file protein.cif (mmCIF, C-alpha atoms)
data_my_file
#
loop_
_atom_site.group_PDB
_atom_site.id
_atom_site.type_symbol
_atom_site.label_atom_id
_atom_site.label_comp_id
_atom_site.auth_asym_id
_atom_site.auth_seq_id
_atom_site.Cartn_x
_atom_site.Cartn_y
_atom_site.Cartn_z
ATOM 1 C CA MET Q 28 50.496 51.023 -13.396
ATOM 2 C CA THR Q 29 53.292 52.630 -11.388
ATOM 3 C CA PHE Q 30 55.175 55.779 -12.368
ATOM 4 C CA PRO Q 31 58.043 55.602 -14.903
ATOM 5 C CA LEU Q 32 61.555 56.450 -13.725
ATOM 6 C CA ASP Q 33 63.826 59.295 -14.715
ATOM 7 C CA ILE Q 34 67.366 57.887 -14.641
ATOM 8 C CA GLY Q 35 70.342 60.138 -15.277
ATOM 9 C CA TYR Q 36 74.060 59.536 -15.021
ATOM 10 C CA ALA Q 37 77.390 61.347 -15.165
ATOM 11 C CA TYR Q 38 80.948 60.120 -15.512
ATOM 12 C CA ILE Q 39 84.087 62.229 -15.134
ATOM 13 C CA PRO Q 40 87.313 60.189 -15.441
ATOM 14 C CA HIS Q 41 90.482 60.847 -13.492
ATOM 15 C CA PRO Q 42 92.349 63.511 -15.529
ATOM 16 C CA GLU Q 43 95.437 61.307 -15.839
ATOM 17 C CA LYS Q 44 93.322 58.372 -17.059
ATOM 18 C CA ALA Q 45 90.913 60.223 -19.323
ATOM 19 C CA HIS Q 46 92.943 59.371 -22.452
ATOM 20 C CA PHE Q 47 91.961 55.696 -22.099
ATOM 21 C CA GLY Q 48 88.492 56.273 -20.634
ATOM 22 C CA GLY Q 49 89.204 55.967 -16.921
ATOM 23 C CA GLU Q 50 88.533 52.927 -14.749
ATOM 24 C CA ASP Q 51 84.879 53.311 -13.707
ATOM 25 C CA ALA Q 52 82.056 51.568 -15.563
ATOM 26 C CA PHE Q 53 78.282 51.569 -15.229
ATOM 27 C CA ALA Q 54 75.103 50.112 -16.707
ATOM 28 C CA VAL Q 55 71.537 51.391 -16.942
ATOM 29 C CA SER Q 56 69.050 48.945 -18.440
ATOM 30 C CA TYR Q 57 65.289 48.623 -18.889
ATOM 31 C CA ARG Q 58 63.459 45.352 -19.472
ATOM 32 C CA SER Q 59 60.294 46.310 -21.331
ATOM 33 C CA LEU Q 60 58.640 42.898 -20.913
ATOM 34 C CA ASP Q 61 57.958 43.573 -17.221
ATOM 35 C CA SER Q 62 58.924 47.285 -16.865
ATOM 36 C CA THR Q 63 61.876 46.446 -14.619
ATOM 37 C CA TYR Q 64 65.050 48.552 -14.383
ATOM 38 C CA MET Q 65 68.651 47.757 -13.480
ATOM 39 C CA VAL Q 66 71.297 50.277 -12.458
ATOM 40 C CA ALA Q 67 74.866 49.269 -11.678
ATOM 41 C CA ILE Q 68 78.312 50.766 -11.055
ATOM 42 C CA SER Q 69 81.798 49.270 -10.874
ATOM 43 C CA ASP Q 70 85.089 50.962 -9.981
ATOM 44 C CA GLY Q 71 88.288 49.360 -11.257
ATOM 45 C CA VAL Q 72 90.976 49.156 -8.559
ATOM 46 C CA GLY Q 73 93.644 51.734 -9.395
ATOM 47 C CA SER Q 74 96.599 49.822 -7.942
ATOM 48 C CA TRP Q 75 96.560 47.489 -10.949
ATOM 49 C CA LEU Q 76 97.813 50.352 -13.106
ATOM 50 C CA SER Q 77 100.321 51.739 -10.605
ATOM 51 C CA LYS Q 78 101.757 48.372 -9.532
ATOM 52 C CA LYS Q 79 101.258 46.081 -12.542
ATOM 53 C CA GLY Q 80 100.927 48.479 -15.475
ATOM 54 C CA VAL Q 81 97.490 47.065 -16.367
ATOM 55 C CA SER Q 82 94.309 49.106 -16.116
ATOM 56 C CA ALA Q 83 91.403 47.509 -14.252
ATOM 57 C CA GLY Q 84 88.985 49.571 -16.350
ATOM 58 C CA PRO Q 85 88.329 46.742 -18.851
ATOM 59 C CA PHE Q 86 87.549 44.364 -15.967
ATOM 60 C CA ALA Q 87 84.989 46.809 -14.547
ATOM 61 C CA ALA Q 88 83.484 47.388 -18.007
ATOM 62 C CA ASP Q 89 83.213 43.662 -18.732
ATOM 63 C CA LEU Q 90 81.589 43.079 -15.344
ATOM 64 C CA MET Q 91 78.943 45.710 -16.120
ATOM 65 C CA LEU Q 92 78.344 44.413 -19.641
ATOM 66 C CA ASN Q 93 77.829 40.881 -18.339
ATOM 67 C CA SER Q 94 75.529 42.154 -15.559
ATOM 68 C CA GLU Q 95 73.304 43.785 -18.157
ATOM 69 C CA LYS Q 96 73.219 40.587 -20.209
ATOM 70 C CA VAL Q 97 72.127 38.505 -17.217
ATOM 71 C CA PHE Q 98 69.438 41.050 -16.335
ATOM 72 C CA ILE Q 99 68.065 41.257 -19.893
ATOM 73 C CA GLU Q 100 67.798 37.463 -19.936
ATOM 74 C CA GLY Q 101 65.275 37.758 -17.081
ATOM 75 C CA GLU Q 102 67.156 37.595 -13.779
ATOM 76 C CA ASP Q 103 65.769 39.808 -10.964
ATOM 77 C CA ASN Q 104 68.020 38.889 -8.049
ATOM 78 C CA ALA Q 105 70.888 41.379 -7.774
ATOM 79 C CA LEU Q 106 73.265 38.910 -6.103
ATOM 80 C CA THR Q 107 72.618 36.295 -8.794
ATOM 81 C CA ILE Q 108 73.236 38.903 -11.495
ATOM 82 C CA LEU Q 109 76.574 39.879 -9.944
ATOM 83 C CA THR Q 110 77.585 36.248 -9.365
ATOM 84 C CA ASN Q 111 76.885 35.184 -12.940
ATOM 85 C CA ALA Q 112 78.429 38.334 -14.392
ATOM 86 C CA TYR Q 113 81.607 37.807 -12.367
ATOM 87 C CA GLN Q 114 81.880 34.205 -13.557
ATOM 88 C CA ASP Q 115 81.541 35.387 -17.173
ATOM 89 C CA THR Q 116 84.081 38.215 -16.889
ATOM 90 C CA ASP Q 117 87.305 37.332 -18.700
ATOM 91 C CA GLN Q 118 89.432 40.421 -18.156
ATOM 92 C CA ILE Q 119 92.357 40.647 -15.730
ATOM 93 C CA GLY Q 120 91.884 43.083 -12.854
ATOM 94 C CA SER Q 121 89.634 43.798 -9.912
ATOM 95 C CA ALA Q 122 86.767 46.168 -9.112
ATOM 96 C CA THR Q 123 84.100 47.109 -6.634
ATOM 97 C CA ALA Q 124 80.468 46.638 -7.629
ATOM 98 C CA ILE Q 125 76.957 47.730 -6.776
ATOM 99 C CA ILE Q 126 73.848 46.513 -8.611
ATOM 100 C CA GLY Q 127 70.230 47.484 -8.075
ATOM 101 C CA VAL Q 128 67.139 45.889 -9.633
ATOM 102 C CA LEU Q 129 63.965 48.015 -9.468
ATOM 103 C CA LYS Q 130 60.798 45.969 -9.901
ATOM 104 C CA PRO Q 131 57.459 47.813 -10.341
ATOM 105 C CA HIS Q 132 54.456 47.593 -8.032
ATOM 106 C CA SER Q 133 51.275 49.655 -7.912
ATOM 107 C CA TRP Q 134 52.775 51.956 -5.233
ATOM 108 C CA GLY Q 135 56.281 52.307 -6.716
ATOM 109 C CA TYR Q 136 59.289 50.001 -7.011
ATOM 110 C CA ARG Q 137 60.862 47.321 -4.865
ATOM 111 C CA ALA Q 138 64.650 47.687 -4.923
ATOM 112 C CA ASP Q 139 66.967 44.690 -4.601
ATOM 113 C CA VAL Q 140 70.590 45.830 -4.166
ATOM 114 C CA ILE Q 141 73.918 44.038 -3.771
ATOM 115 C CA TYR Q 142 76.829 46.167 -2.584
ATOM 116 C CA LEU Q 143 80.496 45.159 -2.427
ATOM 117 C CA GLY Q 144 83.372 47.549 -1.730
ATOM 118 C CA ASP Q 145 83.146 51.330 -1.553
ATOM 119 C CA SER Q 146 81.011 52.232 -4.565
ATOM 120 C CA SER Q 147 77.999 53.115 -2.479
ATOM 121 C CA PHE Q 148 74.395 54.334 -2.579
ATOM 122 C CA PHE Q 149 71.809 56.210 -0.574
ATOM 123 C CA LEU Q 150 68.084 56.826 -0.656
ATOM 124 C CA VAL Q 151 66.589 60.293 -0.225
ATOM 125 C CA SER Q 152 63.194 59.990 1.438
ATOM 126 C CA ASP Q 153 61.233 62.865 3.028
ATOM 127 C CA GLY Q 154 64.259 65.098 2.505
ATOM 128 C CA ASN Q 155 66.633 62.819 4.447
ATOM 129 C CA MET Q 156 69.538 60.629 3.373
ATOM 130 C CA THR Q 157 68.880 57.052 4.476
ATOM 131 C CA LEU Q 158 70.153 53.490 3.963
ATOM 132 C CA GLN Q 159 73.747 54.465 3.168
ATOM 133 C CA PRO Q 160 75.826 51.320 3.873
ATOM 134 C CA THR Q 161 79.128 51.160 5.722
ATOM 135 C CA GLU Q 162 82.144 50.917 3.432
ATOM 136 C CA GLN Q 163 83.441 47.365 3.082
ATOM 137 C CA GLU Q 164 87.214 47.441 3.307
ATOM 138 C CA ILE Q 165 90.129 45.215 4.248
ATOM 139 C CA GLU Q 166 92.026 48.250 5.509
ATOM 140 C CA PHE Q 167 91.934 51.972 4.824
ATOM 141 C CA ASN Q 168 91.735 52.734 1.090
ATOM 142 C CA ARG Q 169 91.663 49.025 0.256
ATOM 143 C CA PRO Q 170 88.024 48.115 -0.391
ATOM 144 C CA PHE Q 171 86.461 44.719 -0.926
ATOM 145 C CA SER Q 172 86.586 43.838 -4.623
ATOM 146 C CA LEU Q 173 86.052 41.089 -7.174
ATOM 147 C CA GLY Q 174 89.116 40.112 -9.165
ATOM 148 C CA LYS Q 175 90.629 37.743 -11.696
ATOM 149 C CA LEU Q 176 94.198 36.838 -12.557
ATOM 150 C CA ALA Q 177 95.564 35.381 -15.776
ATOM 151 C CA GLY Q 178 93.822 32.154 -16.748
ATOM 152 C CA GLY Q 179 90.560 33.238 -15.121
ATOM 153 C CA LEU Q 180 91.739 32.497 -11.571
ATOM 154 C CA MET Q 181 89.404 34.248 -9.131
ATOM 155 C CA TYR Q 182 90.824 36.071 -6.125
ATOM 156 C CA ALA Q 183 89.975 38.781 -3.556
ATOM 157 C CA GLN Q 184 86.346 38.658 -2.374
ATOM 158 C CA GLU Q 185 83.301 36.829 -3.751
ATOM 159 C CA PRO Q 186 79.870 38.266 -4.629
ATOM 160 C CA SER Q 187 78.336 36.447 -1.647
ATOM 161 C CA GLU Q 188 80.469 38.598 0.678
ATOM 162 C CA GLY Q 189 78.612 41.702 -0.426
ATOM 163 C CA GLU Q 190 75.806 43.318 1.567
ATOM 164 C CA LYS Q 191 72.216 42.866 0.388
ATOM 165 C CA PHE Q 192 69.540 45.524 0.747
ATOM 166 C CA ALA Q 193 65.841 45.462 -0.070
ATOM 167 C CA PHE Q 194 63.647 48.553 0.232
ATOM 168 C CA ASN Q 195 60.788 50.462 -1.368
ATOM 169 C CA LEU Q 196 61.268 53.339 -3.808
ATOM 170 C CA GLU Q 197 58.157 55.497 -3.691
ATOM 171 C CA TYR Q 198 57.038 58.474 -5.777
ATOM 172 C CA GLU Q 199 58.955 61.301 -4.070
ATOM 173 C CA ASP Q 200 62.060 59.240 -3.218
ATOM 174 C CA MET Q 201 65.407 59.507 -4.983
ATOM 175 C CA LEU Q 202 68.038 56.767 -5.270
ATOM 176 C CA VAL Q 203 71.676 57.714 -5.883
ATOM 177 C CA PHE Q 204 74.531 55.350 -6.764
ATOM 178 C CA GLY Q 205 78.119 56.606 -6.850
ATOM 179 C CA THR Q 206 81.735 55.514 -6.897
ATOM 180 C CA ASP Q 207 84.130 56.676 -4.172
ATOM 181 C CA GLY Q 208 84.972 59.705 -6.283
ATOM 182 C CA LEU Q 209 81.712 61.106 -4.899
ATOM 183 C CA PHE Q 210 81.799 59.833 -1.325
ATOM 184 C CA ASP Q 211 85.523 60.489 -0.700
ATOM 185 C CA ASN Q 212 85.172 64.142 -1.637
ATOM 186 C CA LEU Q 213 81.738 65.383 -0.567
ATOM 187 C CA PHE Q 214 80.326 65.137 2.923
ATOM 188 C CA ASP Q 215 76.719 63.956 3.234
ATOM 189 C CA GLU Q 216 75.607 67.488 4.101
ATOM 190 C CA GLU Q 217 77.226 68.873 0.943
ATOM 191 C CA ILE Q 218 75.553 66.206 -1.190
ATOM 192 C CA MET Q 219 72.161 66.905 0.324
ATOM 193 C CA ASN Q 220 72.579 70.677 -0.057
ATOM 194 C CA ILE Q 221 73.077 70.168 -3.790
ATOM 195 C CA ILE Q 222 70.091 67.839 -4.111
ATOM 196 C CA THR Q 223 67.681 69.941 -2.057
ATOM 197 C CA GLY Q 224 68.808 73.018 -3.959
ATOM 198 C CA MET Q 225 67.591 71.449 -7.230
ATOM 199 C CA PRO Q 226 63.960 70.528 -6.437
ATOM 200 C CA THR Q 227 62.725 70.629 -10.045
ATOM 201 C CA ALA Q 228 65.864 69.335 -11.774
ATOM 202 C CA GLY Q 229 65.923 66.114 -13.773
ATOM 203 C CA ALA Q 230 68.057 63.138 -12.838
ATOM 204 C CA SER Q 231 70.762 63.882 -15.422
ATOM 205 C CA GLU Q 232 71.212 67.459 -14.202
ATOM 206 C CA ILE Q 233 71.475 66.327 -10.581
ATOM 207 C CA ALA Q 234 74.004 63.610 -11.462
ATOM 208 C CA GLN Q 235 76.148 66.021 -13.470
ATOM 209 C CA THR Q 236 76.054 68.700 -10.760
ATOM 210 C CA LEU Q 237 77.137 66.194 -8.099
ATOM 211 C CA ALA Q 238 79.922 64.835 -10.316
ATOM 212 C CA VAL Q 239 81.320 68.285 -11.065
ATOM 213 C CA ALA Q 240 81.185 69.308 -7.399
ATOM 214 C CA ALA Q 241 82.952 66.105 -6.315
ATOM 215 C CA THR Q 242 85.626 66.483 -8.990
ATOM 216 C CA GLU Q 243 86.319 70.094 -8.078
ATOM 217 C CA LYS Q 244 86.502 69.260 -4.373
ATOM 218 C CA GLY Q 245 88.805 66.342 -5.154
ATOM 219 C CA GLU Q 246 91.330 68.716 -6.660
ATOM 220 C CA SER Q 247 91.162 71.159 -3.741
ATOM 221 C CA LEU Q 248 92.746 71.379 -0.293
ATOM 222 C CA ASP Q 249 89.358 71.771 1.390
ATOM 223 C CA SER Q 250 88.388 69.289 4.092
ATOM 224 C CA THR Q 251 86.926 66.038 2.704
ATOM 225 C CA PRO Q 252 85.745 62.650 3.993
ATOM 226 C CA PHE Q 253 88.929 61.133 2.534
ATOM 227 C CA GLU Q 254 91.090 63.534 4.537
ATOM 228 C CA LYS Q 255 89.115 62.722 7.675
ATOM 229 C CA GLY Q 256 89.414 58.975 7.044
ATOM 230 C CA SER Q 257 93.136 59.264 6.359
ATOM 231 C CA LYS Q 258 93.785 60.985 9.668
ATOM 232 C CA ALA Q 259 91.702 58.395 11.538
ATOM 233 C CA ALA Q 260 93.833 55.641 9.952
ATOM 234 C CA GLY Q 261 97.096 57.354 10.907
ATOM 235 C CA TYR Q 262 97.957 58.846 7.525
ATOM 236 C CA SER Q 263 98.648 62.456 6.604
ATOM 237 C CA HIS Q 264 96.513 63.682 3.706
ATOM 238 C CA LYS Q 265 95.206 67.165 3.044
ATOM 239 C CA GLY Q 266 92.163 67.938 0.940
ATOM 240 C CA GLY Q 267 90.432 65.876 -1.687
ATOM 241 C CA LYS Q 268 91.254 62.754 -3.644
ATOM 242 C CA THR Q 269 91.453 63.030 -7.422
ATOM 243 C CA ASP Q 270 89.595 60.060 -8.882
ATOM 244 C CA ASP Q 271 87.161 58.763 -11.480
ATOM 245 C CA THR Q 272 83.643 59.806 -10.481
ATOM 246 C CA THR Q 273 80.476 58.035 -11.619
ATOM 247 C CA ILE Q 274 76.975 58.875 -10.404
ATOM 248 C CA ILE Q 275 73.544 57.454 -11.264
ATOM 249 C CA VAL Q 276 70.405 59.239 -10.057
ATOM 250 C CA VAL Q 277 66.982 57.547 -10.065
ATOM 251 C CA LYS Q 278 63.757 59.488 -9.410
ATOM 252 C CA ALA Q 279 60.170 59.600 -10.573
ATOM 253 C CA GLN Q 280 59.779 60.871 -14.098
ATOM 254 C CA ARG Q 281 58.052 64.215 -14.446
ATOM 255 C CA LEU Q 282 54.827 63.774 -16.414
#

call {"tool": "encode", "arguments": {"input": "protein.cif", "output": "structure tokens"}}
result
Amino acid sequence: MTFPLDIGYAYIPHPEKAHFGGEDAFAVSYRSLDSTYMVAISDGVGSWLSKKGVSAGPFAADLMLNSEKVFIEGEDNALTILTNAYQDTDQIGSATAIIGVLKPHSWGYRADVIYLGDSSFFLVSDGNMTLQPTEQEIEFNRPFSLGKLAGGLMYAQEPSEGEKFAFNLEYEDMLVFGTDGLFDNLFDEEIMNIITGMPTAGASEIAQTLAVAATEKGESLDSTPFEKGSKAAGYSHKGGKTDDTTIIVVKAQRL
């Protein structure tokens, strides 16, 4: 029997959206029948609120709820989970999505991941950050997303346009999922410095520490990946980007 997983998460909403819960959503689920896990994150697109007066948070939440339902019913393919969940989502709005299914083997877990947009992930293996995908975007600060209009009309991208990843999660590896609130504000080196500085910490403590650091940096004028990306795209932006921040950390459970 393989090792059990320690899965921790943290969510800090945008301060101006905290009164209605923010616009990120996530799911962590365990299927006891076959000891399989699912972790998933969705980030509601903020322009719905600024341009249409409708929060995309309920769309992201419904997408995650439906993903968990499909997984609990026995589905193991991450793309199929996202596809079915998107079809079943009734809310108006749009959101990014990333779903990972972790299936046990004698040596660890086989991860099946579907990634669409800029809610991203990385694997820490042998002390190095690996497998981080390239952000999927139409243009700067406009990521791929799944969306629905009134009457259930689908628009934007489709689940099949996401990137698929398959890899092994072994005993000393760590898997981290996060919305752009993490990756827009902390450079990879800063993220890894936090993780390597907490060698005995549990998943929840690591997730919370990363979320707090990203939130604090997002409210500062210190250099950030978002500032760097803005300049490369021809825009003038100084410092961080205030945003919802969701992080899920997956590592071997301490016995």

call {"tool": "closest_residue", "arguments": {"input": "protein.cif", "among": "Q:Leu202, Q:Leu76, Q:Met156, Q:Leu106", "to": "Asp139 in chain Q", "atoms": "only C-alpha atoms"}}
result
Q:Leu106

call {"tool": "residues_around", "arguments": {"input": "protein.cif", "residues": "range 116-131 of chain Q", "least_positions_apart": "3", "cutoff": "7 Å", "atoms": "only C-alpha atoms", "output": "PyMOL selection string"}}
result
chain Q and resi 29+62-72+75+83+85-87+89-90+93+103+105+112-113+135-147+171-177+179

call {"tool": "closest_residue", "arguments": {"input": "protein.cif", "among": "Q:Phe47, Q:His132, Q:Gln159, Q:Tyr38", "to": "Ala241 in chain Q", "atoms": "only C-alpha atoms"}}
result
Q:Tyr38

call {"tool": "closest_residue", "arguments": {"input": "protein.cif", "among": "Q:Pro160, Q:Pro252, Q:Gly189, Q:Gly35", "to": "Glu217 in chain Q", "atoms": "only C-alpha atoms"}}
result
Q:Pro252

call {"tool": "atom_distance", "arguments": {"input": "protein.cif", "atom1": "CA of Ile275 in chain Q", "atom2": "CA of Gly245 in chain Q"}}
result
18.7 Å

call {"tool": "atom_distance", "arguments": {"input": "protein.cif", "atom1": "CA of Glu254 in chain Q", "atom2": "CA of Gly266 in chain Q"}}
result
5.8 Å

call {"tool": "atom_distance", "arguments": {"input": "protein.cif", "atom1": "CA of Pro226 in chain Q", "atom2": "CA of Leu158 in chain Q"}}
result
20.9 Å

call {"tool": "closest_residue", "arguments": {"input": "protein.cif", "among": "Q:Ala45, Q:Leu109, Q:Ala228, Q:Val239", "to": "Lys191 in chain Q", "atoms": "all atoms listed in the file"}}
result
Q:Leu109

call {"tool": "resolve_selection", "arguments": {"input": "protein.cif", "expression": "the PyMOL selection byres ((chain Q and resi 99) around 12)", "output": "MDAnalysis selection string"}}
result
chainID Q and resid 54:65 92:98 100:103 108 128

call {"tool": "write_last_selection", "arguments": {"input": "protein.cif", "atoms": "C-alpha atoms", "output": "compact mmCIF listing (two decimals), in the frame of the given file"}}
result
# COMPACT_ATOMS: atom_id res chain seq x y z
CA ALA Q 54 75.10 50.11 -16.71
CA VAL Q 55 71.54 51.39 -16.94
CA SER Q 56 69.05 48.94 -18.44
CA TYR Q 57 65.29 48.62 -18.89
CA ARG Q 58 63.46 45.35 -19.47
CA SER Q 59 60.29 46.31 -21.33
CA LEU Q 60 58.64 42.90 -20.91
CA ASP Q 61 57.96 43.57 -17.22
CA SER Q 62 58.92 47.28 -16.86
CA THR Q 63 61.88 46.45 -14.62
CA TYR Q 64 65.05 48.55 -14.38
CA MET Q 65 68.65 47.76 -13.48
CA LEU Q 92 78.34 44.41 -19.64
CA ASN Q 93 77.83 40.88 -18.34
CA SER Q 94 75.53 42.15 -15.56
CA GLU Q 95 73.30 43.78 -18.16
CA LYS Q 96 73.22 40.59 -20.21
CA VAL Q 97 72.13 38.51 -17.22
CA PHE Q 98 69.44 41.05 -16.34
CA GLU Q 100 67.80 37.46 -19.94
CA GLY Q 101 65.28 37.76 -17.08
CA GLU Q 102 67.16 37.60 -13.78
CA ASP Q 103 65.77 39.81 -10.96
CA ILE Q 108 73.24 38.90 -11.50
CA VAL Q 128 67.14 45.89 -9.63

call {"tool": "closest_residue", "arguments": {"input": "protein.cif", "among": "Q:Phe204, Q:Lys278, Q:Leu209, Q:Gln114", "to": "Thr251 in chain Q", "atoms": "all atoms listed in the file"}}
result
Q:Leu209

call {"tool": "resolve_selection", "arguments": {"input": "protein.cif", "expression": "the PyMOL selection byres ((chain Q and resi 153) around 12)", "output": "PyMOL selection string"}}
result
chain Q and resi 150-152+154-157+196-201+219+223

call {"tool": "closest_residue", "arguments": {"input": "protein.cif", "among": "Q:Val203, Q:Lys265, Q:Val277, Q:Thr161", "to": "Leu248 in chain Q", "atoms": "only C-alpha atoms"}}
result
Q:Lys265

call {"tool": "axis_aligned_box", "arguments": {"input": "protein.cif", "around": "range 248-256 of chain Q", "padding_each_side": "6 Å", "output": "AutoDock Vina command-line options"}}
result
--center_x 89.2 --center_y 65.4 --center_z 3.7 --size_x 19.0 --size_y 24.8 --size_z 20.0

call {"tool": "residues_around", "arguments": {"input": "protein.cif", "residues": "range 39-43 of chain Q", "least_positions_apart": "4", "cutoff": "8 Å", "atoms": "only C-alpha atoms", "output": "VMD selection string"}}
result
chain Q and resid 48 to 51 238 to 239 242 269 to 273

call {"tool": "residues_around", "arguments": {"input": "protein.cif", "residues": "Ala259 in chain Q", "least_positions_apart": "4", "cutoff": "12 Å", "atoms": "all atoms listed in the file", "output": "ChimeraX atom specification"}}
result
/Q:166-168,252-255,263-264

call {"tool": "build_atoms", "arguments": {"input": "protein.cif", "residues": "range 129-136 of chain Q", "atoms": "all heavy atoms", "output": "compact mmCIF listing (two decimals), keeping the file's coordinate frame"}}
result
# COMPACT_ATOMS: atom_id res chain seq x y z
N LEU Q 129 65.14 47.27 -9.89
CA LEU Q 129 63.96 48.02 -9.47
C LEU Q 129 62.73 47.42 -10.14
O LEU Q 129 62.52 47.60 -11.34
CB LEU Q 129 64.12 49.49 -9.82
CG LEU Q 129 65.42 50.14 -9.31
CD1 LEU Q 129 65.57 51.54 -9.87
CD2 LEU Q 129 65.45 50.17 -7.80
N LYS Q 130 61.95 46.71 -9.37
CA LYS Q 130 60.80 45.97 -9.90
C LYS Q 130 59.51 46.73 -9.57
O LYS Q 130 59.29 47.10 -8.41
CB LYS Q 130 60.75 44.56 -9.31
CG LYS Q 130 59.90 43.59 -10.12
CD LYS Q 130 60.21 42.17 -9.75
CE LYS Q 130 59.45 41.20 -10.65
NZ LYS Q 130 59.85 41.30 -12.06
N PRO Q 131 58.64 46.96 -10.57
CA PRO Q 131 57.46 47.81 -10.34
C PRO Q 131 56.35 47.14 -9.55
O PRO Q 131 56.11 45.94 -9.65
CB PRO Q 131 56.99 48.11 -11.77
CG PRO Q 131 57.42 46.92 -12.57
CD PRO Q 131 58.74 46.50 -11.96
N HIS Q 132 55.68 47.96 -8.74
CA HIS Q 132 54.46 47.59 -8.03
C HIS Q 132 53.49 48.77 -8.18
O HIS Q 132 53.87 49.84 -8.66
CB HIS Q 132 54.74 47.30 -6.56
CG HIS Q 132 55.57 46.08 -6.33
ND1 HIS Q 132 55.02 44.83 -6.14
CD2 HIS Q 132 56.91 45.91 -6.30
CE1 HIS Q 132 55.99 43.94 -5.98
NE2 HIS Q 132 57.16 44.58 -6.07
N SER Q 133 52.27 48.60 -7.74
CA SER Q 133 51.28 49.66 -7.91
C SER Q 133 51.66 50.93 -7.17
O SER Q 133 51.32 52.04 -7.59
CB SER Q 133 49.90 49.17 -7.42
OG SER Q 133 49.97 48.81 -6.05
N TRP Q 134 52.41 50.81 -6.07
CA TRP Q 134 52.78 51.96 -5.23
C TRP Q 134 54.15 52.53 -5.57
O TRP Q 134 54.56 53.55 -5.04
CB TRP Q 134 52.76 51.55 -3.76
CG TRP Q 134 53.36 50.18 -3.54
CD1 TRP Q 134 52.69 49.01 -3.40
CD2 TRP Q 134 54.75 49.84 -3.47
NE1 TRP Q 134 53.57 47.96 -3.23
CE2 TRP Q 134 54.84 48.45 -3.27
CE3 TRP Q 134 55.93 50.58 -3.55
CZ2 TRP Q 134 56.05 47.78 -3.16
CZ3 TRP Q 134 57.14 49.93 -3.44
CH2 TRP Q 134 57.19 48.53 -3.25
N GLY Q 135 54.92 51.86 -6.41
CA GLY Q 135 56.28 52.31 -6.72
C GLY Q 135 57.15 51.16 -7.18
O GLY Q 135 56.72 50.35 -8.01
N TYR Q 136 58.35 51.04 -6.61
CA TYR Q 136 59.29 50.00 -7.01
C TYR Q 136 59.90 49.33 -5.77
O TYR Q 136 60.13 49.98 -4.75
CB TYR Q 136 60.43 50.58 -7.85
CG TYR Q 136 59.98 51.08 -9.19
CD1 TYR Q 136 59.43 52.36 -9.32
CD2 TYR Q 136 60.06 50.29 -10.33
CE1 TYR Q 136 58.98 52.83 -10.54
CE2 TYR Q 136 59.62 50.76 -11.56
CZ TYR Q 136 59.08 52.01 -11.66
OH TYR Q 136 58.63 52.47 -12.86
